[in-house]
>>> print(open('final27.cif').read())   # mmCIF, C-alpha atoms
data_work
loop_
_atom_site.label_atom_id
_atom_site.label_comp_id
_atom_site.auth_asym_id
_atom_site.auth_seq_id
_atom_site.Cartn_x
_atom_site.Cartn_y
_atom_site.Cartn_z
CA MET A 1 0.00 0.00 0.00
CA GLN A 2 1.34 3.43 -0.96
CA ARG A 3 1.87 5.62 2.09
CA GLY A 4 1.24 9.37 1.88
CA ASN A 5 4.60 10.81 2.85
CA ASP A 6 4.72 13.72 0.41
CA LEU A 7 5.35 17.14 1.93
CA GLN A 8 2.21 18.88 0.66
CA GLN A 9 0.78 20.89 3.58
CA LYS A 10 3.18 19.23 6.03
CA ARG A 11 4.66 21.46 8.72
CA VAL A 12 8.45 21.27 8.69
CA VAL A 13 10.54 22.92 11.43
CA VAL A 14 14.14 23.66 10.41
CA VAL A 15 16.39 24.58 13.34
CA GLY A 16 19.37 26.35 11.80
CA GLY A 17 17.36 27.12 8.69
CA SER A 18 18.48 30.69 8.09
CA SER A 19 21.50 29.76 5.97
CA GLY A 20 23.53 26.97 4.38
CA ILE A 21 22.15 23.44 4.31
CA GLY A 22 19.23 24.33 6.59
CA LEU A 23 18.04 27.09 4.29
CA ALA A 24 18.38 24.78 1.28
CA VAL A 25 16.27 22.15 3.06
CA ALA A 26 13.63 24.78 3.89
CA GLN A 27 13.54 26.05 0.30
CA GLN A 28 13.18 22.59 -1.20
CA ALA A 29 10.54 21.54 1.32
CA ALA A 30 8.55 24.70 0.65
CA SER A 31 8.79 24.10 -3.11
CA GLN A 32 7.05 20.77 -2.51
CA GLY A 33 4.19 22.40 -0.63
CA ALA A 34 5.42 22.20 2.96
CA LYS A 35 4.67 24.88 5.55
CA VAL A 36 8.16 25.72 6.73
CA VAL A 37 9.10 27.19 10.12
CA ILE A 38 12.63 28.63 10.30
CA VAL A 39 14.37 28.70 13.69
CA SER A 40 17.71 30.44 14.17
CA SER A 41 19.44 32.60 16.74
CA THR A 42 19.38 35.92 14.87
CA ALA A 43 16.08 37.65 14.13
CA GLU A 44 17.44 39.51 11.10
CA ARG A 45 18.69 36.31 9.46
CA VAL A 46 15.42 34.54 10.22
CA GLN A 47 13.46 37.33 8.56
CA LYS A 48 15.70 37.28 5.47
CA ALA A 49 15.29 33.51 5.20
CA VAL A 50 11.51 33.74 5.48
CA GLU A 51 11.42 36.42 2.77
CA CYS A 52 13.72 34.30 0.59
CA ILE A 53 11.45 31.26 0.89
CA GLY A 54 8.19 33.18 0.58
CA GLY A 55 4.80 31.49 0.53
CA GLU A 56 3.60 30.33 3.94
CA ALA A 57 7.05 30.27 5.52
CA GLN A 58 7.32 31.48 9.10
CA GLY A 59 10.25 32.03 11.40
CA GLN A 60 11.32 32.77 14.93
CA ALA A 61 14.60 33.73 16.59
CA VAL A 62 15.48 31.24 19.35
CA ASP A 63 18.74 30.78 21.24
CA VAL A 64 19.00 27.03 20.70
CA SER A 65 21.72 26.75 23.36
CA ASP A 66 19.14 27.91 25.94
CA GLU A 67 17.08 24.89 27.00
CA GLY A 68 14.31 27.04 28.45
CA ALA A 69 13.98 29.01 25.22
CA VAL A 70 13.79 25.81 23.18
CA ALA A 71 11.14 24.36 25.52
CA THR A 72 9.06 27.54 25.30
CA PHE A 73 9.29 27.66 21.52
CA PHE A 74 8.01 24.12 20.99
CA ALA A 75 5.30 24.49 23.65
CA LYS A 76 3.89 27.46 21.73
CA LEU A 77 4.46 25.99 18.27
CA GLY A 78 1.95 23.16 18.47
CA ALA A 79 1.78 20.10 16.24
CA PHE A 80 4.09 19.62 13.26
CA ASP A 81 5.34 16.81 11.01
CA HIS A 82 9.11 16.93 10.57
CA LEU A 83 12.01 18.33 12.61
CA VAL A 84 15.29 19.13 10.88
CA PHE A 85 18.31 20.20 12.96
CA THR A 86 21.24 21.76 11.10
CA ALA A 87 22.34 24.41 13.60
CA GLY A 88 26.06 24.81 14.22
CA ASP A 89 28.72 27.48 14.44
CA SER A 90 31.64 28.00 12.07
CA LEU A 91 34.21 25.23 11.93
CA HIS A 92 37.61 25.77 13.51
CA LEU A 93 40.00 23.04 12.43
CA ARG A 94 42.82 22.39 14.86
CA ASP A 95 44.98 19.51 15.97
CA LEU A 96 44.66 18.49 19.60
CA ALA A 97 47.66 20.49 20.83
CA THR A 98 46.17 23.78 19.59
CA THR A 99 42.50 23.03 20.30
CA ASP A 100 40.75 25.67 22.40
CA LEU A 101 38.72 23.59 24.86
CA GLN A 102 36.25 26.39 25.51
CA GLN A 103 35.58 26.51 21.80
CA ALA A 104 35.29 22.73 21.77
CA ARG A 105 32.67 22.86 24.53
CA ARG A 106 30.76 25.40 22.47
CA ALA A 107 30.80 22.99 19.53
CA PHE A 108 29.24 20.26 21.66
CA GLU A 109 26.76 22.75 23.12
CA LEU A 110 25.41 23.58 19.67
CA ARG A 111 25.83 20.30 17.80
CA TYR A 112 24.87 17.88 20.57
CA TRP A 113 23.12 19.44 23.55
CA ALA A 114 21.07 21.88 21.48
CA ALA A 115 20.06 19.05 19.15
CA LEU A 116 19.08 16.90 22.13
CA ALA A 117 16.98 19.75 23.57
CA ALA A 118 15.21 20.24 20.24
CA VAL A 119 14.34 16.56 20.11
CA LYS A 120 13.32 16.41 23.77
CA TYR A 121 10.88 19.30 23.54
CA GLY A 122 9.92 18.94 19.88
CA SER A 123 9.21 15.22 19.61
CA PRO A 124 6.01 15.24 21.72
CA HIS A 125 4.46 17.55 19.10
CA ILE A 126 5.42 15.52 16.01
CA ARG A 127 2.43 14.00 14.25
CA LYS A 128 2.08 10.32 13.32
CA GLU A 129 4.46 9.25 10.53
CA GLY A 130 6.64 12.29 11.20
CA SER A 131 10.42 12.31 11.43
CA ILE A 132 13.54 13.89 12.87
CA ALA A 133 16.68 14.46 10.81
CA GLY A 134 19.91 15.89 12.14
CA GLN A 135 23.36 16.64 10.77
CA ARG A 136 26.51 14.76 11.62
CA PRO A 137 29.57 16.90 10.92
CA GLN A 138 32.49 15.97 8.70
CA LYS A 139 34.90 13.39 10.05
CA GLY A 140 38.63 13.93 10.33
CA TRP A 141 39.25 16.54 13.03
CA VAL A 142 39.46 16.04 16.77
CA ILE A 143 36.32 17.86 17.91
CA ALA A 144 34.24 17.27 14.78
CA ALA A 145 35.08 13.56 14.89
CA SER A 146 34.07 13.40 18.54
CA VAL A 147 30.71 15.00 17.79
CA CYS A 148 30.28 12.63 14.83
CA GLY A 149 30.43 9.54 17.00
CA THR A 150 28.14 11.06 19.60
CA ILE A 151 25.48 12.08 17.08
CA GLU A 152 25.56 8.72 15.32
CA ALA A 153 25.02 6.88 18.60
CA LEU A 154 22.30 9.34 19.63
CA THR A 155 20.50 8.82 16.30
CA ARG A 156 20.32 5.06 16.81
CA ALA A 157 19.20 5.38 20.43
CA LEU A 158 16.51 7.96 19.67
CA ALA A 159 15.18 5.87 16.79
CA VAL A 160 14.41 3.12 19.30
CA GLU A 161 13.15 5.35 22.10
CA LEU A 162 10.93 7.60 19.98
CA ALA A 163 9.53 4.94 17.63
CA PRO A 164 7.39 5.11 15.55
CA ILE A 165 8.80 8.61 14.95
CA ARG A 166 11.72 8.06 12.58
CA VAL A 167 15.12 9.52 13.54
CA ASN A 168 17.98 9.78 11.03
CA ALA A 169 21.14 11.79 10.43
CA VAL A 170 22.85 13.18 7.35
CA SER A 171 26.63 13.17 7.13
CA PRO A 172 27.80 15.71 4.54
CA GLY A 173 31.31 16.14 3.28
CA VAL A 174 32.86 19.55 2.66
CA VAL A 175 30.10 21.81 1.34
CA ARG A 176 30.08 25.43 0.22
CA THR A 177 28.33 27.04 3.21
CA ASN A 178 28.97 29.72 5.79
CA LEU A 179 30.51 27.15 8.15
CA TRP A 180 33.80 28.22 6.58
CA GLN A 181 33.25 31.95 7.08
CA THR A 182 36.12 32.23 9.58
CA MET A 183 38.48 31.70 6.63
CA SER A 184 39.29 34.37 4.07
CA ALA A 185 37.72 34.04 0.62
CA SER A 186 41.04 32.93 -0.88
CA GLU A 187 41.59 30.37 1.89
CA ARG A 188 38.10 28.96 1.35
CA GLU A 189 38.62 28.60 -2.38
CA ARG A 190 41.95 26.85 -1.81
CA LEU A 191 40.24 24.48 0.61
CA TYR A 192 37.39 23.77 -1.82
CA GLU A 193 39.85 23.16 -4.66
CA SER A 194 42.15 20.97 -2.61
CA VAL A 195 39.36 18.85 -1.14
CA GLY A 196 37.44 18.72 -4.43
CA ASN A 197 40.46 17.49 -6.36
CA SER A 198 40.89 14.65 -3.87
CA LEU A 199 37.33 13.36 -4.28
CA PRO A 200 35.98 10.91 -6.86
CA VAL A 201 33.33 13.47 -7.90
CA GLY A 202 36.05 16.09 -8.45
CA ARG A 203 34.50 18.91 -6.41
CA VAL A 204 33.04 19.85 -3.03
CA GLY A 205 29.30 19.74 -2.42
CA GLU A 206 26.57 22.35 -2.64
CA ALA A 207 23.96 22.92 0.08
CA SER A 208 21.13 22.16 -2.35
CA GLU A 209 22.57 18.68 -2.95
CA ILE A 210 22.77 17.83 0.74
CA ALA A 211 19.24 19.15 1.23
CA GLN A 212 17.94 16.43 -1.09
CA ALA A 213 19.08 13.80 1.44
CA TYR A 214 16.96 15.46 4.13
CA LEU A 215 13.91 15.52 1.88
CA PHE A 216 14.44 11.85 1.06
CA LEU A 217 14.55 10.97 4.77
CA MET A 218 11.38 12.96 5.46
CA GLN A 219 9.45 11.28 2.68
CA GLU A 220 10.61 7.67 2.31
CA GLY A 221 8.90 6.47 5.51
CA PHE A 222 10.78 3.23 6.22
CA GLY A 223 14.34 4.15 7.26
CA THR A 224 15.16 4.97 10.86
CA GLY A 225 18.31 5.04 12.99
CA GLN A 226 20.37 5.58 9.85
CA THR A 227 23.19 7.95 8.93
CA VAL A 228 23.06 8.86 5.25
CA VAL A 229 26.51 9.80 3.96
CA VAL A 230 26.62 12.40 1.17
CA ASP A 231 30.30 13.27 0.98
CA GLY A 232 31.41 13.10 -2.66
CA GLY A 233 33.23 9.84 -1.99
CA THR A 234 35.34 10.93 1.00
CA VAL A 235 35.03 7.48 2.54
CA LEU A 236 36.53 5.95 -0.61
CA VAL A 237 39.82 7.86 -0.58
#
>>> encode(input="final27.cif", output="C-alpha cells")
Amino acid sequence: MQRGNDLQQKRVVVVGGSSGIGLAVAQQAASQGAKVVIVSSTAERVQKAVECIGGEAQGQAVDVSDEGAVATFFAKLGAFDHLVFTAGDSLHLRDLATTDLQQARRAFELRYWAALAAVKYGSPHIRKEGSIAGQRPQKGWVIAASVCGTIEALTRALAVELAPIRVNAVSPGVVRTNLWQTMSASERERLYESVGNSLPVGRVGEASEIAQAYLFLMQEGFGTGQTVVVDGGTVLV
C-alpha cells in the first residue's frame, strides 16, 4: 500500500534554517508544498530567510543553546510533522595540541546538547508518521570527529526510544556554506579546490545537494536510525 509521505501541507521545522544546508532544506521543502518554520538565533537572518522562501514560511529567533527558550518555543508551536536540525557554528580546524577547549565545549553545546533539547521538547508535538533528521559533521578533526560519533550513537538510540517517529542523520562532506566563514575568501577557495580534487566526484558539495538527502529521509517512511553519507566519496579515498 502506498503511504502518503509527500510534503504537501506538512509542517516542517528547520532549526538552523536561516543559511547553508538548513536554508536549502527549507527552500526545497517549501517548493514541494510544505509549511516551513525557520528557527535560528538571529532575528534579522530569520526574517531574510523567510522572505527568501516566501509562501507560507514562518520564522522565529530562538537561542537554541538555551534549553528554556527551546522548551518555550516548541510548547507554543503546536503540532508539526518533521524536525530538521542543522544548527552549528563556524568550523575551527585544529589539531589536539592547539584546540581551544572552551571553543570545543561550544561545539558540543550547539551540535549535541542543542540538538538533544530540540528533540526532547519537539518530539512530543510531532504527528504520526513524522520524522527527525539531524546533521553529523564531517569526520577527520578532533572535535568534529568526537561529535560525529556522539550524534551517530544518539540517532540510533533515539530511533528506538521515539519509535514510531523516525530519527535519522545526514553526514555531509565539505560543502560550500557559511561554516567556513572564519576563513578568508582565498583560503576557502583553496580548501574547496584541494578537497574537491581529492574526491571521486572532483569537487566539493553544494547545500542544495545535501538538502535532497533530508527531503528523502522525510518522505521515504521506512528508514530509521540511519546515517546517510553524502560526501562526494570521501570514505573511498
>>> atom_distance(input="final27.cif", atom1="CA of Gln9 (chain A)", atom2="CA of Arg136 (chain A)")
27.6 Å
>>> residues_near_point(input="final27.cif", point="(24.8, 30.9, 3.4)", cutoff="12 Å", atoms="all atoms listed in the file", output="ChimeraX atom specification")
/A:16-24,45,48-49,52,90,175-181,206-208
>>> residues_around(input="final27.cif", residues="region 70-74 of chain A", least_positions_apart="4", cutoff="9 Å", atoms="all atoms listed in the file", output="MDAnalysis selection string")
chainID A and resid 60 62:66 78:79 114 117:118 120:122 125
>>> resolve_selection(input="final27.cif", expression="the PyMOL selection byres ((chain A and resi 232) around 9)", output="number ranges by chain")
A: 172-174, 196, 199-205, 229-231, 233-235
>>> atom_distance(input="final27.cif", atom1="CA of Glu129 (chain A)", atom2="CA of Gly54 (chain A)")
26.2 Å
